[in-house]
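Enquirer: Following this line is coords-v8.csv, made up of CSV, C-alpha atoms:
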chain,number,residue,atom,x,y,z
Z,1270,MET,CA,93.7,60.3,260.9
Z,1271,HIS,CA,92.0,63.7,260.8
Z,1272,GLY,CA,88.5,64.7,261.8
Z,1273,TRP,CA,85.6,65.8,259.5
Z,1274,GLY,CA,86.6,68.9,257.6
Z,1275,GLY,CA,90.3,68.3,258.2
Z,1276,SER,CA,93.2,67.1,256.1
Z,1277,VAL,CA,96.8,65.9,256.4
Z,1278,ASP,CA,97.6,69.4,257.8
Z,1279,SER,CA,95.5,68.6,260.9
Z,1280,PHE,CA,98.2,66.1,262.1
Z,1281,ARG,CA,101.2,67.5,260.2
Z,1282,GLY,CA,102.8,68.8,263.4
Z,1283,VAL,CA,102.4,65.4,265.2
Z,1284,PHE,CA,103.6,63.6,262.1
Z,1285,GLU,CA,106.8,65.7,261.8
Z,1286,VAL,CA,107.7,64.9,265.5
Z,1287,PHE,CA,107.1,61.2,265.4
Z,1288,SER,CA,108.2,60.4,261.8
Z,1289,LYS,CA,111.8,61.0,263.1
Z,1290,LYS,CA,111.4,57.9,265.2
Z,1291,TYR,CA,108.7,55.8,263.6
Z,1292,ARG,CA,107.3,54.9,260.2
Z,1293,CYS,CA,104.4,57.3,260.0
Z,1294,THR,CA,101.7,57.9,257.4
Z,1295,ILE,CA,99.1,60.7,257.2
Z,1296,LEU,CA,96.3,60.9,254.7
Z,1297,ASP,CA,93.4,62.9,253.3
Z,1298,PHE,CA,90.1,61.1,253.6
Z,1299,TYR,CA,88.0,61.0,250.5
Z,1300,GLY,CA,86.5,64.4,250.0
Z,1301,PHE,CA,89.0,66.3,252.1
Z,1302,GLY,CA,92.3,68.0,251.3
Z,1303,ASP,CA,93.6,66.8,247.9
Z,1304,SER,CA,91.5,63.6,247.9
Z,1305,LYS,CA,88.4,63.7,245.8
Z,1306,LEU,CA,85.0,62.2,246.8
Z,1307,PRO,CA,84.3,59.5,244.1
Z,1308,ALA,CA,80.7,59.0,245.0
Z,1309,VAL,CA,78.3,58.9,248.0
Z,1310,LEU,CA,80.3,56.9,250.6
Z,1311,THR,CA,79.7,55.1,253.9
Z,1312,LEU,CA,81.9,54.8,257.0
Z,1313,ASP,CA,82.8,51.3,255.8
Z,1314,ASP,CA,84.1,52.8,252.5
Z,1315,TYR,CA,86.4,55.1,254.4
Z,1316,ALA,CA,87.6,52.2,256.5
Z,1317,LYS,CA,88.3,50.1,253.4
Z,1318,GLY,CA,90.3,53.0,252.0
Z,1319,VAL,CA,92.6,53.0,255.0
Z,1320,GLU,CA,92.8,49.2,254.9
Z,1321,GLU,CA,93.9,49.4,251.2
Z,1322,ILE,CA,96.8,51.7,252.2
Z,1323,ILE,CA,97.8,49.3,255.0
Z,1324,ASN,CA,97.8,46.4,252.6
Z,1325,LYS,CA,99.5,48.3,249.8
Z,1326,TYR,CA,102.5,49.2,251.9
Z,1327,ASP,CA,102.5,45.9,253.7
Z,1328,MET,CA,102.1,47.5,257.1
Z,1329,LYS,CA,102.3,45.4,260.2
Z,1330,ASP,CA,101.7,46.1,263.9
Z,1331,VAL,CA,99.8,49.2,262.9
Z,1332,ILE,CA,98.9,52.0,265.4
Z,1333,LEU,CA,96.1,54.2,264.3
Z,1334,VAL,CA,95.7,57.7,265.8
Z,1335,GLY,CA,92.3,59.2,265.0
Z,1336,HIS,CA,90.7,62.4,265.9
Z,1337,SER,CA,86.9,62.7,265.9
Z,1338,PHE,CA,85.8,61.3,262.5
Z,1339,GLY,CA,89.2,59.6,262.2
Z,1340,GLY,CA,88.4,57.9,265.5
Z,1341,ARG,CA,85.2,56.5,263.9
Z,1342,VAL,CA,87.4,54.9,261.2
Z,1343,ALA,CA,89.9,53.6,263.8
Z,1344,ILE,CA,87.2,52.0,265.9
Z,1345,LEU,CA,85.7,50.2,262.9
Z,1346,LEU,CA,89.1,49.0,261.6
Z,1347,ALA,CA,90.2,47.8,265.1
Z,1348,SER,CA,87.1,45.8,265.5
Z,1349,ARG,CA,87.9,43.6,262.4
Z,1350,LEU,CA,91.6,43.8,261.5
Z,1351,ASP,CA,94.3,41.7,263.2
Z,1352,LYS,CA,97.0,44.0,261.8
Z,1353,ILE,CA,96.0,46.8,264.2
Z,1354,LYS,CA,98.3,46.7,267.1
Z,1355,SER,CA,96.8,49.7,268.9
Z,1356,ILE,CA,94.5,52.6,268.4
Z,1357,VAL,CA,94.6,56.1,269.9
Z,1358,LEU,CA,91.2,57.7,270.0
Z,1359,VAL,CA,91.3,61.5,270.4
Z,1360,ASP,CA,87.9,63.1,271.1
Z,1361,SER,CA,86.5,60.4,268.9
Z,1362,ALA,CA,83.0,60.5,267.3
Z,1363,GLY,CA,81.0,57.4,266.6
Z,1364,LEU,CA,78.9,56.7,269.7
Z,1365,LYS,CA,75.1,57.2,269.9
Z,1366,PRO,CA,74.5,60.5,271.8
Z,1367,ARG,CA,72.3,60.7,274.8
Z,1368,ALA,CA,68.7,61.6,274.2
Z,1369,SER,CA,67.8,65.2,275.2
Z,1370,MET,CA,64.7,67.4,275.0
Z,1371,LYS,CA,66.6,69.9,272.8
Z,1372,LYS,CA,67.6,67.2,270.2
Z,1373,SER,CA,64.1,65.8,270.2
Z,1374,ILE,CA,62.6,69.2,269.5
Z,1375,ARG,CA,65.1,69.8,266.7
Z,1376,LYS,CA,64.2,66.5,265.1
Z,1377,LEU,CA,60.5,67.0,265.4
Z,1378,THR,CA,60.8,70.5,264.0
Z,1379,TYR,CA,62.7,69.2,260.9
Z,1380,LYS,CA,60.2,66.4,260.3
Z,1381,LEU,CA,57.3,68.8,260.6
Z,1382,LYS,CA,58.8,71.4,258.2
Z,1383,LYS,CA,59.6,68.6,255.7
Z,1384,CYS,CA,56.0,67.3,256.0
Z,1385,LEU,CA,54.6,70.8,255.4
Z,1386,LYS,CA,57.1,71.4,252.6
Z,1387,MET,CA,58.6,74.3,254.4
Z,1388,ASP,CA,62.2,75.5,254.2
Z,1389,THR,CA,64.6,73.1,256.0
Z,1390,SER,CA,67.9,74.8,255.0
Z,1391,LYS,CA,68.5,76.0,258.5
Z,1392,CYS,CA,68.0,72.6,260.1
Z,1393,GLY,CA,70.8,70.4,261.1
Z,1394,SER,CA,74.3,71.0,262.3
Z,1395,ALA,CA,76.6,73.7,260.9
Z,1396,ASP,CA,78.7,70.9,259.3
Z,1397,TYR,CA,75.6,69.5,257.6
Z,1398,ARG,CA,74.3,72.9,256.3
Z,1399,ALA,CA,77.7,73.7,254.8
Z,1400,LEU,CA,77.6,70.6,252.6
Z,1401,SER,CA,75.8,69.7,249.3
Z,1402,GLY,CA,75.3,66.9,246.9
Z,1403,ASP,CA,77.2,63.7,247.4
Z,1404,MET,CA,79.2,65.1,250.4
Z,1405,LYS,CA,75.9,65.9,252.3
Z,1406,GLU,CA,74.6,62.3,251.7
Z,1407,THR,CA,78.0,60.9,252.8
Z,1408,PHE,CA,77.8,63.0,256.0
Z,1409,LYS,CA,74.4,61.6,256.7
Z,1410,ASN,CA,75.6,58.0,256.2
Z,1411,VAL,CA,78.6,58.6,258.5
Z,1412,VAL,CA,76.9,60.3,261.4
Z,1413,ASN,CA,73.9,57.9,261.5
Z,1414,PHE,CA,76.2,54.9,261.8
Z,1415,TYR,CA,76.8,54.2,265.5
Z,1416,LEU,CA,79.7,52.1,266.7
Z,1417,ASP,CA,78.5,51.2,270.2
Z,1418,GLY,CA,78.0,47.5,269.2
Z,1419,TYR,CA,81.6,47.3,267.8
Z,1420,LEU,CA,83.5,48.2,271.0
Z,1421,GLU,CA,83.5,44.7,272.5
Z,1422,GLN,CA,85.1,43.4,269.3
Z,1423,ILE,CA,88.2,45.5,269.8
Z,1424,LYS,CA,91.0,43.4,271.4
Z,1425,CYS,CA,94.0,45.6,270.7
Z,1426,ASP,CA,95.5,48.1,273.2
Z,1427,THR,CA,93.6,51.3,273.1
Z,1428,LEU,CA,94.4,54.8,274.5
Z,1429,ILE,CA,91.6,57.3,274.8
Z,1430,ILE,CA,92.6,61.0,275.0
Z,1431,TRP,CA,89.8,63.5,275.6
Z,1432,GLY,CA,89.3,67.2,276.3
Z,1433,LYS,CA,87.4,67.9,279.5
Z,1434,LYS,CA,85.6,70.8,277.8
Z,1435,ASP,CA,84.7,68.9,274.6
Z,1436,LYS,CA,81.2,70.0,273.6
Z,1437,ASP,CA,81.0,68.1,270.3
Z,1438,THR,CA,81.8,64.7,271.7
Z,1439,PRO,CA,81.2,65.2,275.4
Z,1440,PRO,CA,83.3,63.5,278.1
Z,1441,TYR,CA,80.6,60.9,278.9
Z,1442,MET,CA,81.4,59.4,275.4
Z,1443,ALA,CA,85.1,58.9,276.5
Z,1444,ARG,CA,84.0,57.1,279.6
Z,1445,ARG,CA,81.6,54.9,277.6
Z,1446,LEU,CA,84.4,54.0,275.2
Z,1447,HIS,CA,86.6,53.2,278.2
Z,1448,ARG,CA,84.0,50.9,279.6
Z,1449,GLY,CA,83.2,49.3,276.3
Z,1450,ILE,CA,86.8,48.6,275.1
Z,1451,TYR,CA,88.4,45.9,277.3
Z,1452,ASN,CA,92.1,46.8,277.1
Z,1453,SER,CA,91.8,50.6,277.2
Z,1454,GLY,CA,93.2,53.5,279.1
Z,1455,LEU,CA,91.6,57.0,279.5
Z,1456,ILE,CA,93.4,60.4,279.9
Z,1457,PHE,CA,91.6,63.7,280.1
Z,1458,LEU,CA,93.2,66.9,279.0
Z,1459,GLU,CA,92.1,70.5,279.8
Z,1460,GLY,CA,91.1,71.3,276.2
Z,1461,GLY,CA,88.0,71.0,274.1
Z,1462,HIS,CA,87.2,69.0,271.0
Z,1463,TYR,CA,90.6,69.7,269.6
Z,1464,SER,CA,92.4,68.6,272.8
Z,1465,TYR,CA,95.5,67.5,270.9
Z,1466,LEU,CA,96.0,71.1,269.7
Z,1467,ASP,CA,94.7,72.8,272.8
Z,1468,CYS,CA,97.2,70.8,274.9
Z,1469,TYR,CA,99.7,70.1,272.2
Z,1470,GLN,CA,102.9,69.6,274.2
Z,1471,GLN,CA,101.1,67.4,276.8
Z,1472,PHE,CA,99.6,65.4,273.9
Z,1473,LEU,CA,103.0,64.8,272.4
Z,1474,ALA,CA,104.5,63.7,275.7
Z,1475,ILE,CA,101.6,61.3,276.3
Z,1476,LEU,CA,101.9,59.8,272.8
Z,1477,ASP,CA,105.7,59.5,273.1
Z,1478,SER,CA,105.4,57.6,276.4
Z,1479,TYR,CA,102.6,55.4,275.0
Z,1480,PHE,CA,104.5,54.6,271.8
Z,1481,ASN,CA,107.7,53.8,273.8
Z,1482,ASP,CA,105.7,51.3,275.8
Z,1483,ILE,CA,103.6,49.8,273.1
Z,1484,CYS,CA,106.5,49.4,270.6
Z,1485,LYS,CA,108.8,47.5,273.0
Using the file provided, produce a representation of the structure as structure tokens.
Expert:
Amino acid sequence: MHGWGGSVDSFRGVFEVFSKKYRCTILDFYGFGDSKLPAVLTLDDYAKGVEEIINKYDMKDVILVGHSFGGRVAILLASRLDKIKSIVLVDSAGLKPRASMKKSIRKLTYKLKKCLKMDTSKCGSADYRALSGDMKETFKNVVNFYLDGYLEQIKCDTLIIWGKKDKDTPPYMARRLHRGIYNSGLIFLEGGHYSYLDCYQQFLAILDSYFNDICK
């Protein structure tokens, strides 16, 4: 499952490799690729969309592979669905970031500008500024929904793969996921936020070994 701004093309290479051996499905989340955004959505709406696909095709022993935003969806689904056999979280988003002086100043600046009715178009992340309408409201719903409290509800096998140089979801988040999810393993790669592309062959080898083990 792709990250924010991605599409089925994000995992097409991985799909083509493993679909020769396993039943694989890739998708466009609502609002990305060829999938339209029907309205302002929440993370729960995205999770329900994936659950509908699982039920429609009567999938069992499901393994979810999610990068960044896709990891958010995987975490939420794994916390509540027995059909999920395992999840693979790749540079996953979803945890509450550490507080920092820089972030506090940015938030204070935004609130002050809004209060004074000043221009706030340059506030927020690049992803946020690039959006408009329902997609912008959806983005706000997603990024402000933290999954820290859901980790202890995940009982399935979990593999966490992370880029050591990830600046979007820093490595401390990987370690926090590892501590919070009981039956989890953690592997660091040399890449950044797109570690599965930065270290593509290594990522494929890790997945192949993991799938061979988990699918016995």
Enquirer: Find the distance between atom CA of Asp1278 of chain Z and atom CA of Leu1466 of chain Z and write it in Å to one decimal.
Expert: 12.1 Å
Enquirer: Rank nothing, just name the residue among Z:Leu1473, Z:Tyr1463, Z:Thr1427, Z:Lys1305 nearest to Phe1284 of chain Z, using only C-alpha atoms.
Expert: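 Of Z:Leu1473, Z:Tyr1463, Z:Thr1427, Z:Lys1305, the one nearest Phe1284 of chain Z is Z:Leu1473, counting only C-alpha atoms.
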Enquirer: Which one of Z:Leu1400, Z:Ala1362, Z:Ile1430, Z:Leu1345 sits closest to Gly1272 of chain Z if you count all atoms listed in the file?
Expert: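 Answer, going by the shortest atom-to-atom distance: Z:Ala1362.
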Enquirer: List the spatial neighbours of Ser1361 of chain Z as a list in words - criterion: any atom at most 6 Å away, all atoms listed in the file, same-chain residues fewer than 6 positions off excluded.
Expert: His1336, Ser1337 and Gly1340 of chain Z
Enquirer: Please indicate the distance in Å from atom CA of Ile1450 of chain Z to atom CA of Arg1341 of chain Z, rounded to one decimal place.
Expert: 13.8 Å
Enquirer: Between atom CA of Asp1467 of chain Z and atom CA of Lys1405 of chain Z, what is the distance, to one decimal in Å?
Expert: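 About the pair atom CA of Asp1467 of chain Z and atom CA of Lys1405 of chain Z: they are 28.7 Å apart.
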Enquirer: Quick one: residues within 12 Å of Lys1290 of chain Z, only C-alpha atoms, excluding same-chain residues fewer than 6 positions away - as a PyMOL selection string?
Expert: chain Z and resi 1283-1284+1477+1480-1481+1484
Enquirer: Calculated over all atoms listed in the file, which of the candidates Z:Tyr1415, Z:Thr1311, Z:Cys1425, Z:Gln1471 has the smallest distance to Lys1354 of chain Z?
Expert: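 Between Z:Tyr1415, Z:Thr1311, Z:Cys1425, Z:Gln1471, the residue approaching Lys1354 of chain Z most closely is Z:Cys1425.
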Enquirer: Smallest atom-to-atom distance to Gly1418 of chain Z: which of Z:Ile1295, Z:Cys1468, Z:Leu1364, Z:Leu1306, using all atoms listed in the file?
Expert: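 Closest to Gly1418 of chain Z of all the choices is Z:Leu1364.
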Enquirer: Can you work out which one of Z:Ala1343, Z:Leu1358, Z:Leu1458, Z:Ala1368 has the shortest atom-to-atom distance to Asp1435 of chain Z, counting all atoms listed in the file?
Expert: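 Smallest distance to Asp1435 of chain Z is found for Z:Leu1458.
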Enquirer: Using all atoms listed in the file, find the one residue out of Z:Ala1347, Z:Asp1482, Z:Val1342, Z:Gly1275 that sits nearest to Ser1304 of chain Z.
Expert: Z:Gly1275
Enquirer: Could you give me, as a list in words, the residues that sit within 9 Å of (92.2, 58.9, 252.7) in the file's coordinates, counting all atoms listed in the file?
Expert: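 The distance filter leaves exactly Met1270, Ser1276, Ile1295, Leu1296, Asp1297, Phe1298, Tyr1299, Gly1300, Phe1301, Ser1304, Tyr1315, Ala1316, Gly1318, Val1319 and Ile1322 of chain Z.
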Enquirer: Please identify all polymer residues within 8 Å of Asp1426 of chain Z, counting all atoms listed in the file, omitting same-chain residues fewer than 2 positions from it, and present them as a list of chain:residue names.
Expert: Z:Lys1354, Z:Ser1355, Z:Ile1356, Z:Lys1424, Z:Leu1428, Z:Asn1452, Z:Ser1453
Enquirer: Where atoms are absent from segment 1402-1437 of chain Z, fill them in so it carries N, CA and C atoms, then output it as a compact mmCIF listing (two decimals), in the coordinates of the input.
Expert:
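File produced: result-v4.txt:
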# COMPACT_ATOMS: atom_id res chain seq x y z
N GLY Z 1402 75.15 68.03 247.76
CA GLY Z 1402 75.30 66.90 246.90
C GLY Z 1402 75.79 65.63 247.57
N ASP Z 1403 76.77 64.94 246.94
CA ASP Z 1403 77.20 63.70 247.40
C ASP Z 1403 77.87 63.78 248.83
N MET Z 1404 78.51 64.94 249.10
CA MET Z 1404 79.20 65.10 250.40
C MET Z 1404 78.13 65.17 251.52
N LYS Z 1405 76.99 65.79 251.25
CA LYS Z 1405 75.90 65.90 252.30
C LYS Z 1405 75.36 64.48 252.54
N GLU Z 1406 75.16 63.69 251.49
CA GLU Z 1406 74.60 62.30 251.70
C GLU Z 1406 75.66 61.45 252.39
N THR Z 1407 76.94 61.65 252.08
CA THR Z 1407 78.00 60.90 252.80
C THR Z 1407 78.01 61.25 254.25
N PHE Z 1408 77.87 62.53 254.56
CA PHE Z 1408 77.80 63.00 256.00
C PHE Z 1408 76.70 62.30 256.70
N LYS Z 1409 75.53 62.24 256.09
CA LYS Z 1409 74.40 61.60 256.70
C LYS Z 1409 74.65 60.11 256.98
N ASN Z 1410 75.28 59.45 256.02
CA ASN Z 1410 75.60 58.00 256.20
C ASN Z 1410 76.56 57.82 257.38
N VAL Z 1411 77.54 58.71 257.48
CA VAL Z 1411 78.60 58.60 258.50
C VAL Z 1411 78.00 58.83 259.91
N VAL Z 1412 77.31 59.94 260.08
CA VAL Z 1412 76.90 60.30 261.40
C VAL Z 1412 75.73 59.46 261.94
N ASN Z 1413 75.03 58.79 261.06
CA ASN Z 1413 73.90 57.90 261.50
C ASN Z 1413 74.34 56.47 261.67
N PHE Z 1414 75.65 56.21 261.56
CA PHE Z 1414 76.20 54.90 261.80
C PHE Z 1414 76.87 54.84 263.13
N TYR Z 1415 76.24 54.17 264.10
CA TYR Z 1415 76.80 54.20 265.50
C TYR Z 1415 77.61 52.93 265.72
N LEU Z 1416 78.67 53.11 266.47
CA LEU Z 1416 79.70 52.10 266.70
C LEU Z 1416 79.63 51.42 268.06
N ASP Z 1417 78.62 51.72 268.84
CA ASP Z 1417 78.50 51.20 270.20
C ASP Z 1417 78.67 49.66 270.22
N GLY Z 1418 78.04 48.99 269.27
CA GLY Z 1418 78.00 47.50 269.20
C GLY Z 1418 79.36 46.92 268.78
N TYR Z 1419 80.30 47.75 268.32
CA TYR Z 1419 81.60 47.30 267.80
C TYR Z 1419 82.67 47.27 268.91
N LEU Z 1420 82.42 47.95 270.00
CA LEU Z 1420 83.50 48.20 271.00
C LEU Z 1420 83.98 46.85 271.60
N GLU Z 1421 83.09 45.93 271.87
CA GLU Z 1421 83.50 44.70 272.50
C GLU Z 1421 84.33 43.79 271.56
N GLN Z 1422 84.32 44.12 270.28
CA GLN Z 1422 85.10 43.40 269.30
C GLN Z 1422 86.56 43.85 269.23
N ILE Z 1423 86.86 44.96 269.89
CA ILE Z 1423 88.20 45.50 269.80
C ILE Z 1423 89.06 44.84 270.90
N LYS Z 1424 90.09 44.14 270.47
CA LYS Z 1424 91.00 43.40 271.40
C LYS Z 1424 92.34 44.05 271.53
N CYS Z 1425 92.66 45.01 270.69
CA CYS Z 1425 94.00 45.60 270.70
C CYS Z 1425 94.07 46.67 271.85
N ASP Z 1426 95.29 47.02 272.23
CA ASP Z 1426 95.50 48.10 273.20
C ASP Z 1426 94.88 49.39 272.68
N THR Z 1427 94.23 50.11 273.55
CA THR Z 1427 93.60 51.30 273.10
C THR Z 1427 93.82 52.45 274.15
N LEU Z 1428 94.24 53.60 273.65
CA LEU Z 1428 94.40 54.80 274.50
C LEU Z 1428 93.39 55.81 274.08
N ILE Z 1429 92.65 56.31 275.04
CA ILE Z 1429 91.60 57.30 274.80
C ILE Z 1429 92.06 58.63 275.41
N ILE Z 1430 92.17 59.65 274.57
CA ILE Z 1430 92.60 61.00 275.00
C ILE Z 1430 91.47 61.95 274.73
N TRP Z 1431 91.07 62.73 275.73
CA TRP Z 1431 89.80 63.50 275.60
C TRP Z 1431 89.98 64.89 276.27
N GLY Z 1432 89.33 65.87 275.67
CA GLY Z 1432 89.30 67.20 276.30
C GLY Z 1432 88.12 67.28 277.28
N LYS Z 1433 88.43 67.74 278.47
CA LYS Z 1433 87.40 67.90 279.50
C LYS Z 1433 86.27 68.81 279.09
N LYS Z 1434 86.61 69.76 278.21
CA LYS Z 1434 85.60 70.80 277.80
C LYS Z 1434 85.04 70.51 276.44
N ASP Z 1435 85.20 69.30 275.95
CA ASP Z 1435 84.70 68.90 274.60
C ASP Z 1435 83.16 69.00 274.62
N LYS Z 1436 82.61 69.83 273.74
CA LYS Z 1436 81.20 70.00 273.60
C LYS Z 1436 80.61 69.19 272.41
N ASP Z 1437 81.48 68.87 271.45
CA ASP Z 1437 81.00 68.10 270.30
C ASP Z 1437 80.89 66.65 270.53
